[in-house]
$ cat protein21.tsv   # TSV, C-alpha atoms
chain	number	residue	atom	x	y	z
S	12	MET	CA	-23.89	-92.79	-25.76
S	13	GLN	CA	-26.08	-89.66	-26.04
S	14	THR	CA	-26.12	-89.30	-22.19
S	15	LEU	CA	-22.30	-89.40	-22.14
S	16	VAL	CA	-22.10	-86.56	-24.71
S	17	ILE	CA	-24.56	-84.42	-22.69
S	18	ASN	CA	-22.58	-85.12	-19.46
S	19	LYS	CA	-19.34	-84.15	-21.18
S	20	ARG	CA	-20.96	-80.92	-22.40
S	21	GLY	CA	-22.15	-80.19	-18.86
S	22	GLN	CA	-18.63	-80.71	-17.49
S	23	LEU	CA	-17.28	-78.41	-20.18
S	24	LYS	CA	-19.80	-75.75	-19.20
S	25	ILE	CA	-18.85	-76.06	-15.51
S	26	GLN	CA	-15.17	-75.76	-16.45
S	27	GLN	CA	-15.91	-72.68	-18.57
S	28	MET	CA	-17.78	-71.08	-15.71
S	29	MET	CA	-14.99	-71.85	-13.26
S	30	ILE	CA	-12.38	-70.37	-15.57
S	31	MET	CA	-14.53	-67.28	-16.01
S	32	LEU	CA	-15.05	-66.91	-12.25
S	33	LEU	CA	-11.34	-67.44	-11.62
S	34	ALA	CA	-10.45	-64.82	-14.24
S	35	VAL	CA	-12.87	-62.27	-12.77
S	36	THR	CA	-11.63	-62.94	-9.22
S	37	LEU	CA	-8.02	-62.73	-10.34
S	38	PHE	CA	-8.73	-59.45	-12.11
S	39	PHE	CA	-10.21	-57.87	-8.97
S	40	VAL	CA	-7.42	-59.21	-6.76
S	41	LEU	CA	-4.79	-57.76	-9.10
S	42	ALA	CA	-6.63	-54.43	-9.37
S	43	GLY	CA	-7.00	-54.28	-5.57
S	44	MET	CA	-3.31	-55.05	-5.09
S	45	LEU	CA	-2.36	-52.34	-7.57
S	46	VAL	CA	-4.47	-49.78	-5.67
S	47	LEU	CA	-3.03	-50.94	-2.35
S	48	VAL	CA	0.58	-50.71	-3.58
S	49	THR	CA	-0.04	-47.19	-4.97
S	50	GLN	CA	-1.68	-46.05	-1.73
S	51	VAL	CA	1.10	-47.47	0.47
S	52	SER	CA	3.85	-45.97	-1.67
S	53	ASN	CA	2.12	-42.56	-1.43
S	54	LEU	CA	1.75	-42.79	2.35
S	55	LYS	CA	5.21	-41.45	3.19
S	56	ALA	CA	4.94	-38.62	0.66
S	57	SER	CA	1.48	-37.75	1.99
S	58	SER	CA	2.73	-37.69	5.57
S	59	THR	CA	5.56	-35.28	4.60
S	60	ILE	CA	3.10	-33.03	2.72
S	61	ILE	CA	0.65	-33.01	5.65
S	62	GLN	CA	3.47	-32.15	8.07
S	63	SER	CA	4.64	-29.32	5.82
S	64	ASP	CA	1.07	-28.02	5.35
S	65	ASN	CA	0.44	-28.06	9.10
S	66	ALA	CA	3.68	-26.16	9.65
S	67	LYS	CA	2.66	-23.51	7.10
S	68	LEU	CA	-0.69	-23.07	8.80
S	69	LEU	CA	1.08	-22.95	12.16
S	70	ALA	CA	3.33	-20.16	10.85
S	71	SER	CA	0.26	-18.10	10.02
S	72	LYS	CA	-1.39	-18.97	13.31
S	73	ILE	CA	1.70	-17.84	15.22
S	74	ALA	CA	1.77	-14.55	13.28
S	75	ASP	CA	-1.82	-13.87	14.34
S	76	SER	CA	-1.27	-14.89	17.98
S	77	ALA	CA	-1.36	-12.27	20.74
S	78	GLU	CA	2.43	-12.38	21.29
S	79	PHE	CA	3.12	-11.36	17.68
S	80	SER	CA	0.15	-9.65	16.05
S	81	CYS	CA	-0.16	-5.91	15.45
S	82	GLY	CA	-3.81	-5.76	16.39
S	83	ALA	CA	-4.99	-2.25	15.72
S	84	SER	CA	-1.69	-0.59	16.69
S	85	PHE	CA	-0.78	0.45	13.15
S	86	GLY	CA	-4.13	1.52	11.81
S	87	THR	CA	-7.73	1.94	12.69
S	88	VAL	CA	-8.61	-1.67	11.92
S	89	GLU	CA	-7.09	-4.95	13.07
S	90	MET	CA	-4.72	-6.30	10.46
S	91	SER	CA	-4.16	-9.97	9.74
S	92	SER	CA	-0.74	-11.47	8.87
S	93	CYS	CA	0.84	-8.50	10.63
S	94	ILE	CA	3.65	-8.81	13.18
S	95	ASP	CA	4.51	-6.09	15.68
S	96	ALA	CA	8.32	-5.84	15.59
S	97	ASP	CA	8.49	-4.12	19.00
S	98	LYS	CA	6.55	-6.98	20.60
S	99	VAL	CA	8.73	-9.63	18.97
S	100	ILE	CA	12.03	-8.00	19.90
S	101	ASN	CA	10.88	-7.86	23.52
S	102	LEU	CA	9.65	-11.45	23.27
S	103	LYS	CA	13.14	-12.47	22.15
S	104	ASN	CA	14.46	-11.57	25.60
S	105	PHE	CA	11.87	-13.78	27.28
S	106	ILE	CA	11.90	-16.71	24.86
S	107	LYS	CA	13.12	-19.11	27.57
S	108	GLU	CA	9.89	-18.51	29.44
S	109	TYR	CA	8.10	-19.91	26.38
S	110	GLY	CA	9.99	-23.20	26.69
S	111	GLY	CA	12.37	-22.31	23.87
S	112	GLY	CA	9.61	-22.89	21.31
S	113	ASN	CA	7.74	-25.73	23.01
S	114	PHE	CA	4.90	-23.31	23.63
S	115	TRP	CA	4.18	-23.17	19.89
S	116	GLY	CA	5.45	-26.69	19.12
S	117	VAL	CA	8.26	-25.53	16.83
S	118	GLN	CA	12.01	-26.14	16.76
S	119	GLY	CA	12.96	-22.88	15.08
S	120	LEU	CA	11.26	-19.52	14.66
S	121	GLN	CA	12.55	-16.55	12.69
S	122	ILE	CA	11.15	-13.44	11.04
S	123	ARG	CA	13.10	-12.22	8.01
S	124	LYS	CA	12.50	-8.97	6.16
S	125	ILE	CA	12.36	-9.56	2.39
S	126	TYR	CA	11.44	-6.13	1.03
S	127	PRO	CA	13.03	-3.58	1.04
S	128	ASP	CA	16.39	-5.32	0.46
S	129	ASN	CA	17.99	-6.81	3.50
S	130	SER	CA	21.57	-7.43	4.48
S	131	GLY	CA	20.84	-10.08	7.11
S	132	ILE	CA	21.61	-7.99	10.21
S	133	GLU	CA	20.16	-9.53	13.36
S	134	CYS	CA	17.76	-7.24	15.22
S	135	THR	CA	18.24	-6.22	18.82
S	136	SER	CA	16.44	-3.59	20.86
S	137	SER	CA	19.37	-1.21	20.25
S	138	ASN	CA	19.71	-1.47	16.44
S	139	PHE	CA	16.03	-1.70	15.42
S	140	PRO	CA	14.84	-0.69	12.77
S	141	ASN	CA	18.22	-0.81	10.99
S	142	CYS	CA	18.18	-4.60	10.88
S	143	ASP	CA	16.46	-7.39	8.97
S	144	VAL	CA	16.23	-10.65	10.92
S	145	ILE	CA	14.61	-11.42	14.25
S	146	THR	CA	15.65	-14.90	15.39
S	147	LEU	CA	13.59	-16.11	18.32
S	148	ILE	CA	14.77	-19.71	18.02
S	149	PRO	CA	17.54	-20.59	15.54
S	150	ILE	CA	16.29	-22.47	12.46
S	151	ASN	CA	17.78	-25.94	12.00
S	152	GLY	CA	17.76	-27.17	8.41
S	153	THR	CA	15.07	-25.96	6.07
S	154	GLY	CA	11.90	-24.49	7.43
S	155	VAL	CA	8.55	-23.52	6.03
S	156	SER	CA	7.55	-19.90	5.62
S	157	ASN	CA	4.61	-17.62	5.06
S	158	PHE	CA	4.26	-13.94	4.19
S	159	VAL	CA	3.67	-11.36	6.92
S	160	SER	CA	4.06	-7.64	7.26
S	161	LEU	CA	6.53	-6.55	9.90
S	162	CYS	CA	5.42	-3.27	11.42
S	163	GLY	CA	7.24	-1.03	13.84
S	164	GLN	CA	7.92	2.53	14.96
S	165	TYR	CA	10.69	4.26	13.01
S	166	ASN	CA	12.54	7.41	13.94
S	167	VAL	CA	12.93	9.58	10.81
S	168	ASN	CA	14.72	12.88	11.47
S	169	GLY	CA	13.49	12.97	15.03
S	170	GLN	CA	9.90	12.17	14.10
S	171	ILE	CA	8.33	8.86	14.97
S	172	TYR	CA	6.57	7.10	12.11
S	173	SER	CA	4.87	3.76	11.85
S	174	ARG	CA	5.83	1.67	8.89
S	175	CYS	CA	5.33	-1.88	7.67
S	176	ASP	CA	7.80	-3.92	5.64
S	177	LEU	CA	7.24	-7.19	3.83
S	178	ALA	CA	8.68	-10.16	5.70
S	179	LYS	CA	8.46	-13.91	6.03
S	180	ILE	CA	7.86	-15.87	9.19
S	181	ILE	CA	9.94	-19.04	9.00
S	182	ILE	CA	9.47	-22.02	11.28
S	183	SER	CA	11.24	-25.34	11.46
S	184	TYR	CA	9.52	-28.33	12.96
S	185	GLN	CA	10.38	-31.91	13.82
S	186	GLY	CA	10.97	-33.77	10.54
S	187	SER	CA	11.77	-30.71	8.42
X	2	MET	CA	-33.94	-74.58	-30.64
X	3	ILE	CA	-32.56	-75.51	-27.19
X	4	GLN	CA	-28.99	-74.90	-28.34
X	5	ASN	CA	-29.96	-71.42	-29.64
X	6	LYS	CA	-31.51	-70.56	-26.29
X	7	LYS	CA	-28.32	-71.69	-24.51
X	8	ALA	CA	-26.20	-69.48	-26.77
X	9	GLN	CA	-28.47	-66.53	-25.98
X	10	GLU	CA	-28.17	-67.22	-22.23
X	11	GLU	CA	-24.38	-67.31	-22.52
X	12	MET	CA	-24.37	-63.99	-24.39
X	13	VAL	CA	-26.58	-62.39	-21.74
X	14	GLY	CA	-24.25	-63.72	-19.01
X	15	PHE	CA	-21.20	-62.40	-20.79
X	16	ALA	CA	-22.84	-59.01	-21.30
X	17	LEU	CA	-23.75	-58.92	-17.59
X	18	ILE	CA	-20.16	-59.60	-16.58
X	19	VAL	CA	-18.90	-56.90	-18.96
X	20	ILE	CA	-21.40	-54.41	-17.48
X	21	ILE	CA	-20.47	-55.28	-13.87
X	22	VAL	CA	-16.73	-54.96	-14.61
X	23	SER	CA	-17.30	-51.62	-16.40
X	24	VAL	CA	-19.36	-50.25	-13.50
X	25	ILE	CA	-16.68	-51.27	-10.99
X	26	LEU	CA	-13.96	-49.71	-13.16
X	27	LEU	CA	-15.98	-46.50	-13.41
X	28	VAL	CA	-16.40	-46.43	-9.62
X	29	PHE	CA	-12.61	-46.83	-9.18
X	30	LEU	CA	-11.95	-44.12	-11.75
X	31	GLY	CA	-14.46	-41.78	-10.15
X	32	PHE	CA	-12.91	-42.38	-6.74
X	33	PHE	CA	-9.42	-41.54	-7.98
X	34	LEU	CA	-10.48	-38.46	-9.93
X	35	SER	CA	-12.67	-37.02	-7.19
X	36	ARG	CA	-9.97	-37.24	-4.50
X	37	PRO	CA	-9.65	-33.76	-2.98
X	38	ASN	CA	-6.53	-31.90	-4.04
X	39	ASN	CA	-4.78	-30.80	-0.88
X	40	GLN	CA	-3.81	-27.30	-1.98
X	41	SER	CA	-5.45	-25.24	0.73
X	42	THR	CA	-2.15	-24.08	2.26
X	43	LYS	CA	-0.93	-22.83	-1.13
X	44	SER	CA	-4.01	-20.66	-1.37
X	45	TYR	CA	-3.42	-19.53	2.21
X	46	GLU	CA	0.08	-18.42	1.19
X	47	ALA	CA	-1.36	-16.30	-1.62
X	48	VAL	CA	-3.90	-14.75	0.77
X	49	SER	CA	-1.14	-13.94	3.29
X	50	PHE	CA	0.95	-12.41	0.50
X	51	VAL	CA	-1.88	-10.15	-0.69
X	52	GLN	CA	-2.66	-9.03	2.87
X	53	SER	CA	1.02	-8.30	3.62
X	54	MET	CA	1.54	-6.54	0.30
X	55	LEU	CA	-1.46	-4.25	0.90
X	56	GLN	CA	-0.12	-3.32	4.34
X	57	TYR	CA	3.38	-2.50	3.05
X	58	SER	CA	4.36	1.14	3.65
X	59	THR	CA	5.43	2.95	0.50
X	60	GLN	CA	7.92	5.84	0.49
X	61	CYS	CA	5.06	8.27	0.01
X	62	GLN	CA	3.69	10.19	2.93
X	63	ASP	CA	0.57	12.11	3.77
X	64	TYR	CA	-0.51	13.94	6.90
X	65	TYR	CA	-0.72	10.66	8.84
X	66	GLY	CA	2.63	9.20	7.82
X	67	TYR	CA	3.74	6.53	5.34
X	68	ILE	CA	0.98	5.49	2.98
X	69	PRO	CA	0.28	1.74	2.71
X	70	VAL	CA	-0.05	0.10	-0.70
X	71	SER	CA	-3.82	-0.36	-0.19
X	72	ASN	CA	-4.26	3.43	0.06
X	73	MET	CA	-1.81	4.07	-2.77
X	74	ILE	CA	-3.97	1.91	-5.05
X	75	LEU	CA	-7.02	4.04	-4.23
X	76	MET	CA	-4.97	7.23	-4.65
X	77	CYS	CA	-3.69	6.07	-8.02
X	78	SER	CA	-7.24	5.15	-9.03
X	79	SER	CA	-8.41	8.68	-8.11
X	80	GLU	CA	-5.25	10.31	-9.56
X	81	VAL	CA	-4.27	11.83	-6.22
X	82	SER	CA	-0.61	12.81	-5.65
X	83	CYS	CA	1.48	12.11	-2.57
X	84	SER	CA	4.51	13.61	-0.87
X	85	ASN	CA	8.01	12.22	-0.56
X	86	ALA	CA	10.02	13.02	2.57
X	87	ASN	CA	11.72	16.45	2.68
X	88	ASN	CA	10.09	18.15	-0.27
X	89	SER	CA	7.78	21.09	-0.69
X	90	CYS	CA	4.65	19.03	-1.34
X	91	THR	CA	2.34	19.53	1.60
X	92	CYS	CA	-0.41	17.15	2.51
X	93	ASN	CA	-3.48	17.91	4.55
X	94	PHE	CA	-6.19	15.85	6.16
X	95	GLY	CA	-7.91	13.48	3.77
X	96	SER	CA	-4.71	12.62	1.84
X	97	LEU	CA	-4.91	15.73	-0.37
X	98	CYS	CA	-1.44	16.89	-1.32
X	99	ASN	CA	-0.62	20.13	-3.12
X	100	GLY	CA	2.65	21.59	-4.31
X	101	ASN	CA	5.20	21.52	-7.10
X	102	ASN	CA	7.11	18.51	-5.86
X	103	CYS	CA	4.21	16.17	-5.25
X	104	ILE	CA	4.74	12.72	-6.72
X	105	ASN	CA	2.46	10.79	-9.02
X	106	SER	CA	1.02	8.04	-6.82
X	107	CYS	CA	0.76	5.61	-9.77
X	108	SER	CA	4.49	5.71	-10.52
X	109	ILE	CA	5.33	5.02	-6.85
X	110	LEU	CA	2.74	2.25	-6.80
X	111	ASN	CA	4.24	0.64	-9.93
X	112	SER	CA	7.82	0.67	-8.65
X	113	THR	CA	6.77	-0.58	-5.20
X	114	LEU	CA	4.67	-3.47	-6.51
X	115	ASN	CA	7.36	-4.51	-9.01
X	116	GLY	CA	9.95	-4.51	-6.23
X	117	ILE	CA	7.75	-6.53	-3.87
X	118	LEU	CA	6.88	-9.14	-6.53
X	119	ASN	CA	10.49	-9.55	-7.70
X	120	LYS	CA	11.68	-10.20	-4.17
X	121	SER	CA	8.77	-12.37	-3.05
X	122	TRP	CA	8.25	-14.76	-5.96
X	123	ILE	CA	11.47	-15.96	-7.53
X	124	VAL	CA	10.56	-17.37	-10.92
X	125	GLY	CA	12.88	-19.67	-12.81
X	126	GLN	CA	14.51	-23.05	-12.96
X	127	GLY	CA	14.88	-24.75	-9.61
X	128	SER	CA	12.08	-22.69	-8.13
X	129	SER	CA	8.67	-24.13	-7.33
X	130	THR	CA	7.12	-20.91	-8.63
X	131	LYS	CA	6.69	-21.08	-12.39
X	132	GLY	CA	4.99	-17.73	-12.73
X	133	TYR	CA	2.62	-15.17	-11.23
X	134	SER	CA	0.15	-12.50	-12.20
X	135	LEU	CA	-1.24	-9.49	-10.37
X	136	ASN	CA	-4.16	-7.49	-11.67
X	137	ILE	CA	-5.53	-4.44	-9.91
X	138	THR	CA	-8.68	-3.14	-11.54
X	139	SER	CA	-11.54	-0.79	-10.83
X	140	SER	CA	-14.72	-0.24	-12.80
X	141	ASN	CA	-12.92	2.73	-14.42
X	142	GLY	CA	-10.25	0.42	-15.87
X	143	GLY	CA	-6.94	-1.22	-15.05
X	144	ILE	CA	-4.69	0.29	-12.38
X	145	PHE	CA	-1.81	-2.18	-12.38
X	146	SER	CA	-1.17	-5.41	-14.24
X	147	ILE	CA	1.84	-7.69	-14.38
X	148	LYS	CA	2.55	-11.23	-15.54
X	149	ALA	CA	5.84	-13.03	-15.10
X	150	GLY	CA	7.10	-16.51	-15.91
X	151	ASN	CA	4.95	-19.27	-17.32
X	152	ILE	CA	1.23	-19.62	-16.86
X	153	THR	CA	0.73	-23.29	-15.97
X	154	SER	CA	-2.43	-25.26	-15.26
X	155	ASN	CA	-1.61	-25.46	-11.52
X	156	SER	CA	-2.41	-22.20	-9.83
X	157	GLU	CA	-3.58	-20.73	-6.56
X	158	GLY	CA	-4.82	-17.25	-6.00
X	159	ALA	CA	-6.31	-14.65	-3.74
X	160	ILE	CA	-8.68	-11.78	-4.32
X	161	GLN	CA	-9.21	-8.69	-2.20
X	162	ASN	CA	-11.75	-5.94	-2.67
X	163	LEU	CA	-10.79	-2.46	-1.53
X	164	PRO	CA	-13.64	-0.11	-0.69
X	165	SER	CA	-13.04	3.30	-2.20
X	166	LYS	CA	-13.92	6.64	-0.61
X	167	VAL	CA	-15.33	7.87	-3.91
X	168	GLY	CA	-17.49	4.79	-4.30
X	169	ILE	CA	-15.53	2.99	-7.01
X	170	PRO	CA	-14.43	-0.36	-5.56
X	171	VAL	CA	-11.04	-1.76	-6.55
X	172	ASN	CA	-10.26	-5.47	-7.00
X	173	VAL	CA	-6.83	-6.95	-6.33
X	174	LEU	CA	-6.38	-10.37	-7.92
X	175	PHE	CA	-3.16	-12.32	-7.42
X	176	ASN	CA	-2.36	-15.75	-8.90
X	177	TRP	CA	0.76	-17.84	-8.66
X	178	TYR	CA	1.53	-20.78	-10.87
X	179	TYR	CA	3.54	-23.86	-9.81

$ encode --input "protein21.tsv" --output "structure tokens"
Amino acid sequence: MQTLVINKRGQLKIQQMMIMLLAVTLFFVLAGMLVLVTQVSNLKASSTIIQSDNAKLLASKIADSAEFSCGASFGTVEMSSCIDADKVINLKNFIKEYGGGNFWGVQGLQIRKIYPDNSGIECTSSNFPNCDVITLIPINGTGVSNFVSLCGQYNVNGQIYSRCDLAKIIISYQGS
Amino acid sequence: MIQNKKAQEEMVGFALIVIIVSVILLVFLGFFLSRPNNQSTKSYEAVSFVQSMLQYSTQCQDYYGYIPVSNMILMCSSEVSCSNANNSCTCNFGSLCNGNNCINSCSILNSTLNGILNKSWIVGQGSSTKGYSLNITSSNGGIFSIKAGNITSNSEGAIQNLPSKVGIPVNVLFNWYY
């Protein structure tokens, strides 16, 4: 009779342990699933953010590339985030030779003056500097932008001056 | 006696499980909290803004032509005047301007910076920019300071030091809040 009671107690202990192990395992499985679901649901948002971030960095990289940058043309030192308007207006005429944007991996590329006030006049070699937008490749949808200074030679009362305005380089990319 | 020992063993086991679960939870928590915040491009935007702003040509001129904001800051700090187009203020080498119609460089700097900030960072509902602040200081004191919108806990900024000819360096600190 005493042996039976001890056996029963032993079984009870084993059952307790099993329930405990099951509970702990279940807890970790549920916690793992929760983490997994959160991670997966954030994947698409993360991919969009990464794409947008890369595009912003690309916008800055393009502004500092040889085809766009001022170099030391408007000062004694090389300036970063500075676009030479004369270079870009000439580049506009040869944009097809750059694969219509494939060279930089963008679908749209535009430089828009933001200060002083602009009236949205498209720049050509004949109306510069009395214009505000240089469209190299038309922007489709919304693009990403970064600040640059747009520098060029201005004719003021017959005298040639260099001046820099505040502008934004806007690019659109696949998925934007 | 044996039953007491068993109860102690069970308590130790339970405590062990509690400790293991707590450690694992802490590891999970630590992992989530220490995930890097991917805000580098936002900071890059602020840096680009500061660089572009400093290169902007103001309406003031000296012997060399239009004066960029970076030089206007130093001129304002040293209380040097500048010339507007078509007036009797004459400027010589070294940005020294003399004459009755010379303009106070600080007033031009203030209006230029206010204009640039208003056009560049649209603060308000529907905008991702909640606010911004720009502080330009030298060891002699403040040169320009502005705050607009709300100061939130999410911010990115850029700082630029401008070396001065007279040996007093100037700091430009820009922050934007989102």

$ closest_atom_pairs --input "protein21.tsv" --of "chain S" --to "chain X" --cutoff "8 Å" --atoms "all atoms listed in the file" --output "JSON lines"
{"residue": "S:Asp64", "atom": "CA", "partner": "X:Thr42", "partner_atom": "CA", "distance": 6.0}
{"residue": "S:Lys67", "atom": "CA", "partner": "X:Thr42", "partner_atom": "CA", "distance": 6.8}
{"residue": "S:Leu68", "atom": "CA", "partner": "X:Thr42", "partner_atom": "CA", "distance": 6.8}
{"residue": "S:Ser91", "atom": "CA", "partner": "X:Gln52", "partner_atom": "CA", "distance": 7.1}
{"residue": "S:Ser92", "atom": "CA", "partner": "X:Ser49", "partner_atom": "CA", "distance": 6.1}
{"residue": "S:Cys93", "atom": "CA", "partner": "X:Ser53", "partner_atom": "CA", "distance": 7.0}
{"residue": "S:Ile125", "atom": "CA", "partner": "X:Lys120", "partner_atom": "CA", "distance": 6.6}
{"residue": "S:Tyr126", "atom": "CA", "partner": "X:Ile117", "partner_atom": "CA", "distance": 6.1}
{"residue": "S:Pro127", "atom": "CA", "partner": "X:Ile117", "partner_atom": "CA", "distance": 7.8}
{"residue": "S:Asn157", "atom": "CA", "partner": "X:Glu46", "partner_atom": "CA", "distance": 6.0}
{"residue": "S:Phe158", "atom": "CA", "partner": "X:Phe50", "partner_atom": "CA", "distance": 5.2}
{"residue": "S:Val159", "atom": "CA", "partner": "X:Ser53", "partner_atom": "CA", "distance": 5.2}
{"residue": "S:Ser160", "atom": "CA", "partner": "X:Ser53", "partner_atom": "CA", "distance": 4.8}
{"residue": "S:Tyr172", "atom": "CA", "partner": "X:Gly66", "partner_atom": "CA", "distance": 6.2}
{"residue": "S:Ser173", "atom": "CA", "partner": "X:Gly66", "partner_atom": "CA", "distance": 7.1}
{"residue": "S:Arg174", "atom": "CA", "partner": "X:Ser58", "partner_atom": "CA", "distance": 5.5}
{"residue": "S:Cys175", "atom": "CA", "partner": "X:Tyr57", "partner_atom": "CA", "distance": 5.1}
{"residue": "S:Asp176", "atom": "CA", "partner": "X:Tyr57", "partner_atom": "CA", "distance": 5.3}
{"residue": "S:Leu177", "atom": "CA", "partner": "X:Tyr57", "partner_atom": "CA", "distance": 6.1}

$ atom_distance --input "protein21.tsv" --atom1 "atom CA of Gly119 of chain S" --atom2 "atom CA of Lys131 of chain X"
28.2 Å

$ atom_distance --input "protein21.tsv" --atom1 "atom CA of Val13 of chain X" --atom2 "atom CA of Lys19 of chain S"
22.9 Å

$ residues_around --input "protein21.tsv" --residues "Asp95 of chain S" --least-positions-apart "4" --cutoff "7 Å" --atoms "only C-alpha atoms" --output "VMD selection string"
chain S and resid 79 to 81 99 161 to 163

$ residues_around --input "protein21.tsv" --residues "segment 134-136 of chain X" --least-positions-apart "2" --cutoff "8 Å" --atoms "only C-alpha atoms" --output "compact mmCIF listing (two decimals) with C-alpha atoms, keeping the file's coordinate frame"
# COMPACT_ATOMS: atom_id res chain seq x y z
CA GLY X 132 4.99 -17.73 -12.73
CA THR X 138 -8.68 -3.14 -11.54
CA GLY X 143 -6.94 -1.22 -15.05
CA ILE X 144 -4.69 0.29 -12.38
CA PHE X 145 -1.81 -2.18 -12.38
CA SER X 146 -1.17 -5.41 -14.24
CA ILE X 147 1.84 -7.69 -14.38
CA LYS X 148 2.55 -11.23 -15.54
CA ALA X 149 5.84 -13.03 -15.10
CA ASN X 172 -10.26 -5.47 -7.00
CA VAL X 173 -6.83 -6.95 -6.33
CA LEU X 174 -6.38 -10.37 -7.92
CA PHE X 175 -3.16 -12.32 -7.42
CA ASN X 176 -2.36 -15.75 -8.90
CA TRP X 177 0.76 -17.84 -8.66

$ atom_distance --input "protein21.tsv" --atom1 "atom CA of Met76 of chain X" --atom2 "atom CA of Asn141 of chain X"
13.4 Å

$ closest_residue --input "protein21.tsv" --among "S:Gly116, S:Ile25, S:Val48, S:Ala34" --to "Ile73 of chain S" --atoms "all atoms listed in the file"
S:Gly116

$ closest_residue --input "protein21.tsv" --among "X:Ser84, X:Ser154, X:Asn162, X:Ser23" --to "Ser140 of chain X" --atoms "all atoms listed in the file"
X:Asn162

$ closest_residue --input "protein21.tsv" --among "S:Ser84, S:Lys179, S:Thr146, S:Ala74" --to "Lys124 of chain S" --atoms "only C-alpha atoms"
S:Lys179

$ closest_residue --input "protein21.tsv" --among "S:Asn151, S:Gln62, S:Gln50, S:Asn166" --to "Ser183 of chain S" --atoms "only C-alpha atoms"
S:Asn151

$ residues_near_point --input "protein21.tsv" --point "(15.0, -18.9, 17.5)" --cutoff "7 Å" --atoms "all atoms listed in the file" --output "list in words"
Gly119, Leu120, Gln121, Thr146, Leu147, Ile148, Pro149 and Ile150 of chain S

$ decode --input "protein21.tsv" --residues "segment 114-129 of chain X" --atoms "N, CA and C atoms" --output "PDB file, in the first residue's frame"
ATOM      1  N   LEU X 114      19.047  84.704 -43.698  1.00  0.00           N
ATOM      2  CA  LEU X 114      18.883  83.413 -43.011  1.00  0.00           C
ATOM      3  C   LEU X 114      17.411  83.120 -42.733  1.00  0.00           C
ATOM      4  N   ASN X 115      16.654  84.151 -42.349  1.00  0.00           N
ATOM      5  CA  ASN X 115      15.212  83.937 -42.118  1.00  0.00           C
ATOM      6  C   ASN X 115      14.520  83.489 -43.393  1.00  0.00           C
ATOM      7  N   GLY X 116      14.876  84.134 -44.499  1.00  0.00           N
ATOM      8  CA  GLY X 116      14.286  83.774 -45.796  1.00  0.00           C
ATOM      9  C   GLY X 116      14.625  82.350 -46.188  1.00  0.00           C
ATOM     10  N   ILE X 117      15.880  81.980 -46.042  1.00  0.00           N
ATOM     11  CA  ILE X 117      16.330  80.622 -46.408  1.00  0.00           C
ATOM     12  C   ILE X 117      15.593  79.577 -45.563  1.00  0.00           C
ATOM     13  N   LEU X 118      15.535  79.809 -44.252  1.00  0.00           N
ATOM     14  CA  LEU X 118      14.907  78.815 -43.356  1.00  0.00           C
ATOM     15  C   LEU X 118      13.412  78.680 -43.627  1.00  0.00           C
ATOM     16  N   ASN X 119      12.743  79.808 -43.872  1.00  0.00           N
ATOM     17  CA  ASN X 119      11.294  79.752 -44.138  1.00  0.00           C
ATOM     18  C   ASN X 119      10.979  78.966 -45.389  1.00  0.00           C
ATOM     19  N   LYS X 120      11.845  79.075 -46.387  1.00  0.00           N
ATOM     20  CA  LYS X 120      11.588  78.398 -47.660  1.00  0.00           C
ATOM     21  C   LYS X 120      12.041  76.934 -47.634  1.00  0.00           C
ATOM     22  N   SER X 121      13.044  76.643 -46.815  1.00  0.00           N
ATOM     23  CA  SER X 121      13.629  75.298 -46.836  1.00  0.00           C
ATOM     24  C   SER X 121      12.922  74.317 -45.924  1.00  0.00           C
ATOM     25  N   TRP X 122      12.483  74.766 -44.778  1.00  0.00           N
ATOM     26  CA  TRP X 122      11.891  73.867 -43.774  1.00  0.00           C
ATOM     27  C   TRP X 122      10.479  74.331 -43.475  1.00  0.00           C
ATOM     28  N   ILE X 123       9.522  73.724 -44.115  1.00  0.00           N
ATOM     29  CA  ILE X 123       8.120  74.101 -43.912  1.00  0.00           C
ATOM     30  C   ILE X 123       7.619  73.376 -42.661  1.00  0.00           C
ATOM     31  N   VAL X 124       7.320  74.166 -41.653  1.00  0.00           N
ATOM     32  CA  VAL X 124       6.873  73.598 -40.375  1.00  0.00           C
ATOM     33  C   VAL X 124       5.352  73.693 -40.302  1.00  0.00           C
ATOM     34  N   GLY X 125       4.736  72.636 -39.831  1.00  0.00           N
ATOM     35  CA  GLY X 125       3.289  72.690 -39.645  1.00  0.00           C
ATOM     36  C   GLY X 125       2.655  71.334 -39.819  1.00  0.00           C
ATOM     37  N   GLN X 126       1.322  71.340 -39.761  1.00  0.00           N
ATOM     38  CA  GLN X 126       0.606  70.073 -39.887  1.00  0.00           C
ATOM     39  C   GLN X 126       0.760  69.529 -41.299  1.00  0.00           C
ATOM     40  N   GLY X 127       0.930  68.233 -41.388  1.00  0.00           N
ATOM     41  CA  GLY X 127       1.090  67.596 -42.692  1.00  0.00           C
ATOM     42  C   GLY X 127       2.528  67.596 -43.164  1.00  0.00           C
ATOM     43  N   SER X 128       3.396  68.255 -42.417  1.00  0.00           N
ATOM     44  CA  SER X 128       4.804  68.283 -42.799  1.00  0.00           C
ATOM     45  C   SER X 128       5.584  67.364 -41.855  1.00  0.00           C
ATOM     46  N   SER X 129       6.593  66.711 -42.406  1.00  0.00           N
ATOM     47  CA  SER X 129       7.394  65.815 -41.554  1.00  0.00           C
ATOM     48  C   SER X 129       8.301  66.623 -40.623  1.00  0.00           C
TER      49      SER X 129
END
